[in-house]
Amino acid sequence: MSNVKASTDVLVVGGGMAGLAGALALRENDADVTLVEVAPAFGEVGAGLQMAPNASRVLKRWGLLEKALEIGVQPKHLVFRDAITGEELTRQTLGGEFEERYGAPYVVIHRSDLHRILLEACQEAGVTLVNDVLVQKVETDGDRARAYTAKGEVFEADAILAADGLKSTLRATVANDGPVNSAYVAYRGTVPITEETPAADLEDVIVYLGPNCHLVQYPLRKGQLLNTVAVFKSPSFERGEEQYGGVDELQAAYKDCVPAVQEALKNLATGIRWPMYDRNPIETWVSGRMALIGDAAHPMLQYLAQGACQALEDAAVLQDAAQHKVFTPEGIDAGAWEDAFREFNETRAARTARVQTTARIWGESWHVDGVARVLRNMLFKSRGDNNFQYNDWLYGRDVPGAPAEVPAGAKLVGA
């Protein structure tokens, strides 16, 4: 084909967390990887994100955990409080026994910092990075996949990863669905930590739970910044308005909350808000030589703080599946990609569906009022510290659908 722009082992569509992680994972298998991104430059907007041990174990596998720790923060506790009374409901200690049990630390990091760490790792590993490319469709033709762009260019590959996010165009190849409006929106903000910042909460992740609202705070960048996220039920978003010209909804949502919460609203950047969508779980992420990964496959609400974490898990599981089937000691068996994608899909789909549905339920439990709030608070207070039964399914080392633990720097079996 005269308009073929590039031919490669693996083409990754999308340069967010999932795309960079997938590209890096398969480059670690010695694949020739090209990543195309629609934006004219690489970057990530937003504020902080929480890296639970199931994700920091993957960074450890790729030798990137130390870089994350250099710029991130290891909080001491995860603390839940009632936003109306300020009462502490429960806390989870995140060091010591927690870290030993799950084999890696809990880290909070600025989203742009994690994105940069993955981008630099891709560059150093030799991933070909191409900007300003809008892929409109992917087709499998025999043993090759082709990505067709808005400019009329064609990228060819043995396999294509569709990492084009929540509003994925390529998902339409396997599912006739759309994003689901949660009715909740988020405002975010990061502000410098000063002498006036209340010191008591600068070592923890604090979550205030209120009726139809919650607020999260934690430190970033070695304690130089304070990250604040306010999430509330928005009448305008329920009507379908993604943005809204004012802060009256924000102020009204928190009017009954304790002063500490009201004061924290001053930290928010109110020029843009983040409408919260997910999608219903789907069983099939694969079409021929193309597989969805990350939010394109399983976008989730953020109540479990697992969006980026599950994208990293995806990449590690795909790395293992491809290593065992495609990148063999005898050489590359490109004909095994469909088997590798099938194994990846079957390994991951049930786990990510559980995270998606649990995130919805968890969010509902945070935002209740009346009798339900009283019962929720009683349940949280009865939980006790370090009650691992609530965490093991998500953070555990040997749980179905999670990637195998690989020592940092070690090559996988069959490499």
# chains A, B, ... in the order shown; residues from 1 in each chain; ligands from 1
call {"tool": "closest_atom_pairs", "arguments": {"of": "stretch 279-301 of chain A", "to": "stretch 347-359 of chain A", "cutoff": "7 Å", "atoms": "only C-alpha atoms", "output": "CSV"}}
result
residue,atom,partner,partner_atom,distance
A:Pro281,CA,A:Ala353,CA,5.2
A:Glu283,CA,A:Ala349,CA,5.9
A:His298,CA,A:Thr352,CA,6.5
A:Met300,CA,A:Gln356,CA,5.0
A:Leu301,CA,A:Ala359,CA,5.9
call {"tool": "atom_distance", "arguments": {"atom1": "atom CA of A:Pro179", "atom2": "atom CA of A:Pro299"}}
result
8.5 Å
call {"tool": "closest_residue", "arguments": {"among": "A:Ser287, A:Gln74, A:Asn345, A:Asn267", "to": "A:Thr140", "atoms": "only C-alpha atoms"}}
result
A:Ser287
call {"tool": "closest_atom_pairs", "arguments": {"of": "stretch 163-196 of chain A", "to": "stretch 237-251 of chain A", "cutoff": "8 Å", "atoms": "only C-alpha atoms", "output": "Markdown table"}}
result
| residue | atom | partner | partner_atom | distance |
| --- | --- | --- | --- | --- |
| A:Asn181 | CA | A:Glu238 | CA | 7.3 |
| A:Ser182 | CA | A:Glu238 | CA | 7.8 |
| A:Ala183 | CA | A:Glu238 | CA | 4.7 |
| A:Tyr184 | CA | A:Phe237 | CA | 7.1 |
| A:Val185 | CA | A:Phe237 | CA | 7.3 |
call {"tool": "select_by_dssp", "arguments": {"residues": "stretch 270-370 of chain A", "states": "strand (DSSP E)", "output": "list in words"}}
result
Thr270, Gly271, Ile272, Arg273, Trp274, Pro275, Met276, Tyr277, Asp278, Val286, Ser287, Met290, Ala291, Leu292, Phe327, Thr328, Gly331 and Ile332 of chain A
call {"tool": "decode", "arguments": {"residues": "stretch 352-386 of chain A", "atoms": "N, CA and C atoms", "output": "PDB file, in the first residue's frame"}}
result
ATOM      1  N   THR A 352     -11.329  -6.624  36.064  1.00  0.00           N
ATOM      2  CA  THR A 352     -11.635  -5.201  35.836  1.00  0.00           C
ATOM      3  C   THR A 352     -13.131  -4.941  35.930  1.00  0.00           C
ATOM      4  N   ALA A 353     -13.968  -5.896  35.535  1.00  0.00           N
ATOM      5  CA  ALA A 353     -15.423  -5.725  35.700  1.00  0.00           C
ATOM      6  C   ALA A 353     -15.772  -5.599  37.179  1.00  0.00           C
ATOM      7  N   ARG A 354     -15.102  -6.388  38.015  1.00  0.00           N
ATOM      8  CA  ARG A 354     -15.363  -6.294  39.454  1.00  0.00           C
ATOM      9  C   ARG A 354     -14.931  -4.933  39.997  1.00  0.00           C
ATOM     10  N   VAL A 355     -13.796  -4.430  39.535  1.00  0.00           N
ATOM     11  CA  VAL A 355     -13.355  -3.107  39.990  1.00  0.00           C
ATOM     12  C   VAL A 355     -14.346  -2.037  39.526  1.00  0.00           C
ATOM     13  N   GLN A 356     -14.804  -2.131  38.281  1.00  0.00           N
ATOM     14  CA  GLN A 356     -15.777  -1.149  37.777  1.00  0.00           C
ATOM     15  C   GLN A 356     -17.055  -1.145  38.608  1.00  0.00           C
ATOM     16  N   THR A 357     -17.608  -2.305  38.853  1.00  0.00           N
ATOM     17  CA  THR A 357     -18.887  -2.371  39.571  1.00  0.00           C
ATOM     18  C   THR A 357     -18.709  -2.046  41.050  1.00  0.00           C
ATOM     19  N   THR A 358     -17.591  -2.474  41.638  1.00  0.00           N
ATOM     20  CA  THR A 358     -17.343  -2.156  43.046  1.00  0.00           C
ATOM     21  C   THR A 358     -17.129  -0.660  43.226  1.00  0.00           C
ATOM     22  N   ALA A 359     -16.479  -0.017  42.274  1.00  0.00           N
ATOM     23  CA  ALA A 359     -16.272   1.437  42.370  1.00  0.00           C
ATOM     24  C   ALA A 359     -17.608   2.166  42.404  1.00  0.00           C
ATOM     25  N   ARG A 360     -18.556   1.703  41.597  1.00  0.00           N
ATOM     26  CA  ARG A 360     -19.884   2.325  41.616  1.00  0.00           C
ATOM     27  C   ARG A 360     -20.538   2.158  42.994  1.00  0.00           C
ATOM     28  N   ILE A 361     -20.502   0.955  43.526  1.00  0.00           N
ATOM     29  CA  ILE A 361     -21.137   0.671  44.832  1.00  0.00           C
ATOM     30  C   ILE A 361     -20.444   1.455  45.936  1.00  0.00           C
ATOM     31  N   TRP A 362     -19.120   1.481  45.890  1.00  0.00           N
ATOM     32  CA  TRP A 362     -18.330   2.189  46.899  1.00  0.00           C
ATOM     33  C   TRP A 362     -18.698   3.671  46.886  1.00  0.00           C
ATOM     34  N   GLY A 363     -18.819   4.238  45.692  1.00  0.00           N
ATOM     35  CA  GLY A 363     -19.215   5.644  45.581  1.00  0.00           C
ATOM     36  C   GLY A 363     -20.591   5.893  46.162  1.00  0.00           C
ATOM     37  N   GLU A 364     -21.515   4.994  45.899  1.00  0.00           N
ATOM     38  CA  GLU A 364     -22.864   5.144  46.457  1.00  0.00           C
ATOM     39  C   GLU A 364     -22.823   5.128  47.982  1.00  0.00           C
ATOM     40  N   SER A 365     -21.989   4.276  48.558  1.00  0.00           N
ATOM     41  CA  SER A 365     -21.921   4.182  50.023  1.00  0.00           C
ATOM     42  C   SER A 365     -21.305   5.441  50.634  1.00  0.00           C
ATOM     43  N   TRP A 366     -20.430   6.108  49.882  1.00  0.00           N
ATOM     44  CA  TRP A 366     -19.825   7.347  50.384  1.00  0.00           C
ATOM     45  C   TRP A 366     -20.838   8.477  50.487  1.00  0.00           C
ATOM     46  N   HIS A 367     -21.843   8.489  49.622  1.00  0.00           N
ATOM     47  CA  HIS A 367     -22.662   9.678  49.407  1.00  0.00           C
ATOM     48  C   HIS A 367     -24.060   9.586  50.020  1.00  0.00           C
ATOM     49  N   VAL A 368     -24.276   8.614  50.882  1.00  0.00           N
ATOM     50  CA  VAL A 368     -25.618   8.412  51.447  1.00  0.00           C
ATOM     51  C   VAL A 368     -25.922   9.448  52.534  1.00  0.00           C
ATOM     52  N   ASP A 369     -27.216   9.536  52.873  1.00  0.00           N
ATOM     53  CA  ASP A 369     -27.680  10.467  53.905  1.00  0.00           C
ATOM     54  C   ASP A 369     -28.695   9.731  54.775  1.00  0.00           C
ATOM     55  N   GLY A 370     -29.132  10.389  55.833  1.00  0.00           N
ATOM     56  CA  GLY A 370     -30.186   9.836  56.679  1.00  0.00           C
ATOM     57  C   GLY A 370     -29.774   8.552  57.382  1.00  0.00           C
ATOM     58  N   VAL A 371     -30.699   7.607  57.438  1.00  0.00           N
ATOM     59  CA  VAL A 371     -30.444   6.329  58.128  1.00  0.00           C
ATOM     60  C   VAL A 371     -29.268   5.594  57.485  1.00  0.00           C
ATOM     61  N   ALA A 372     -29.194   5.656  56.166  1.00  0.00           N
ATOM     62  CA  ALA A 372     -28.105   4.967  55.471  1.00  0.00           C
ATOM     63  C   ALA A 372     -26.754   5.516  55.901  1.00  0.00           C
ATOM     64  N   ARG A 373     -26.671   6.819  56.135  1.00  0.00           N
ATOM     65  CA  ARG A 373     -25.410   7.412  56.598  1.00  0.00           C
ATOM     66  C   ARG A 373     -25.062   6.920  58.000  1.00  0.00           C
ATOM     67  N   VAL A 374     -26.048   6.834  58.875  1.00  0.00           N
ATOM     68  CA  VAL A 374     -25.801   6.328  60.231  1.00  0.00           C
ATOM     69  C   VAL A 374     -25.277   4.899  60.175  1.00  0.00           C
ATOM     70  N   LEU A 375     -25.903   4.081  59.351  1.00  0.00           N
ATOM     71  CA  LEU A 375     -25.486   2.682  59.230  1.00  0.00           C
ATOM     72  C   LEU A 375     -24.091   2.585  58.605  1.00  0.00           C
ATOM     73  N   ARG A 376     -23.840   3.393  57.574  1.00  0.00           N
ATOM     74  CA  ARG A 376     -22.522   3.404  56.933  1.00  0.00           C
ATOM     75  C   ARG A 376     -21.437   3.757  57.955  1.00  0.00           C
ATOM     76  N   ASN A 377     -21.689   4.799  58.746  1.00  0.00           N
ATOM     77  CA  ASN A 377     -20.697   5.211  59.739  1.00  0.00           C
ATOM     78  C   ASN A 377     -20.462   4.122  60.779  1.00  0.00           C
ATOM     79  N   MET A 378     -21.522   3.448  61.192  1.00  0.00           N
ATOM     80  CA  MET A 378     -21.362   2.346  62.151  1.00  0.00           C
ATOM     81  C   MET A 378     -20.510   1.227  61.552  1.00  0.00           C
ATOM     82  N   LEU A 379     -20.761   0.916  60.297  1.00  0.00           N
ATOM     83  CA  LEU A 379     -20.002  -0.146  59.636  1.00  0.00           C
ATOM     84  C   LEU A 379     -18.529   0.237  59.518  1.00  0.00           C
ATOM     85  N   PHE A 380     -18.261   1.479  59.111  1.00  0.00           N
ATOM     86  CA  PHE A 380     -16.874   1.911  58.980  1.00  0.00           C
ATOM     87  C   PHE A 380     -16.167   1.874  60.333  1.00  0.00           C
ATOM     88  N   LYS A 381     -16.856   2.322  61.388  1.00  0.00           N
ATOM     89  CA  LYS A 381     -16.213   2.373  62.708  1.00  0.00           C
ATOM     90  C   LYS A 381     -15.977   0.975  63.280  1.00  0.00           C
ATOM     91  N   SER A 382     -16.752  -0.011  62.828  1.00  0.00           N
ATOM     92  CA  SER A 382     -16.565  -1.377  63.334  1.00  0.00           C
ATOM     93  C   SER A 382     -15.439  -2.111  62.606  1.00  0.00           C
ATOM     94  N   ARG A 383     -14.895  -1.489  61.570  1.00  0.00           N
ATOM     95  CA  ARG A 383     -13.948  -2.167  60.698  1.00  0.00           C
ATOM     96  C   ARG A 383     -12.608  -2.434  61.383  1.00  0.00           C
ATOM     97  N   GLY A 384     -12.122  -1.472  62.159  1.00  0.00           N
ATOM     98  CA  GLY A 384     -10.824  -1.648  62.798  1.00  0.00           C
ATOM     99  C   GLY A 384      -9.691  -1.345  61.832  1.00  0.00           C
ATOM    100  N   ASP A 385      -8.498  -1.135  62.381  1.00  0.00           N
ATOM    101  CA  ASP A 385      -7.327  -0.832  61.565  1.00  0.00           C
ATOM    102  C   ASP A 385      -6.743  -2.130  61.005  1.00  0.00           C
ATOM    103  N   ASN A 386      -6.182  -2.030  59.805  1.00  0.00           N
ATOM    104  CA  ASN A 386      -5.500  -3.169  59.176  1.00  0.00           C
ATOM    105  C   ASN A 386      -6.387  -4.403  59.069  1.00  0.00           C
TER     106      ASN A 386
END
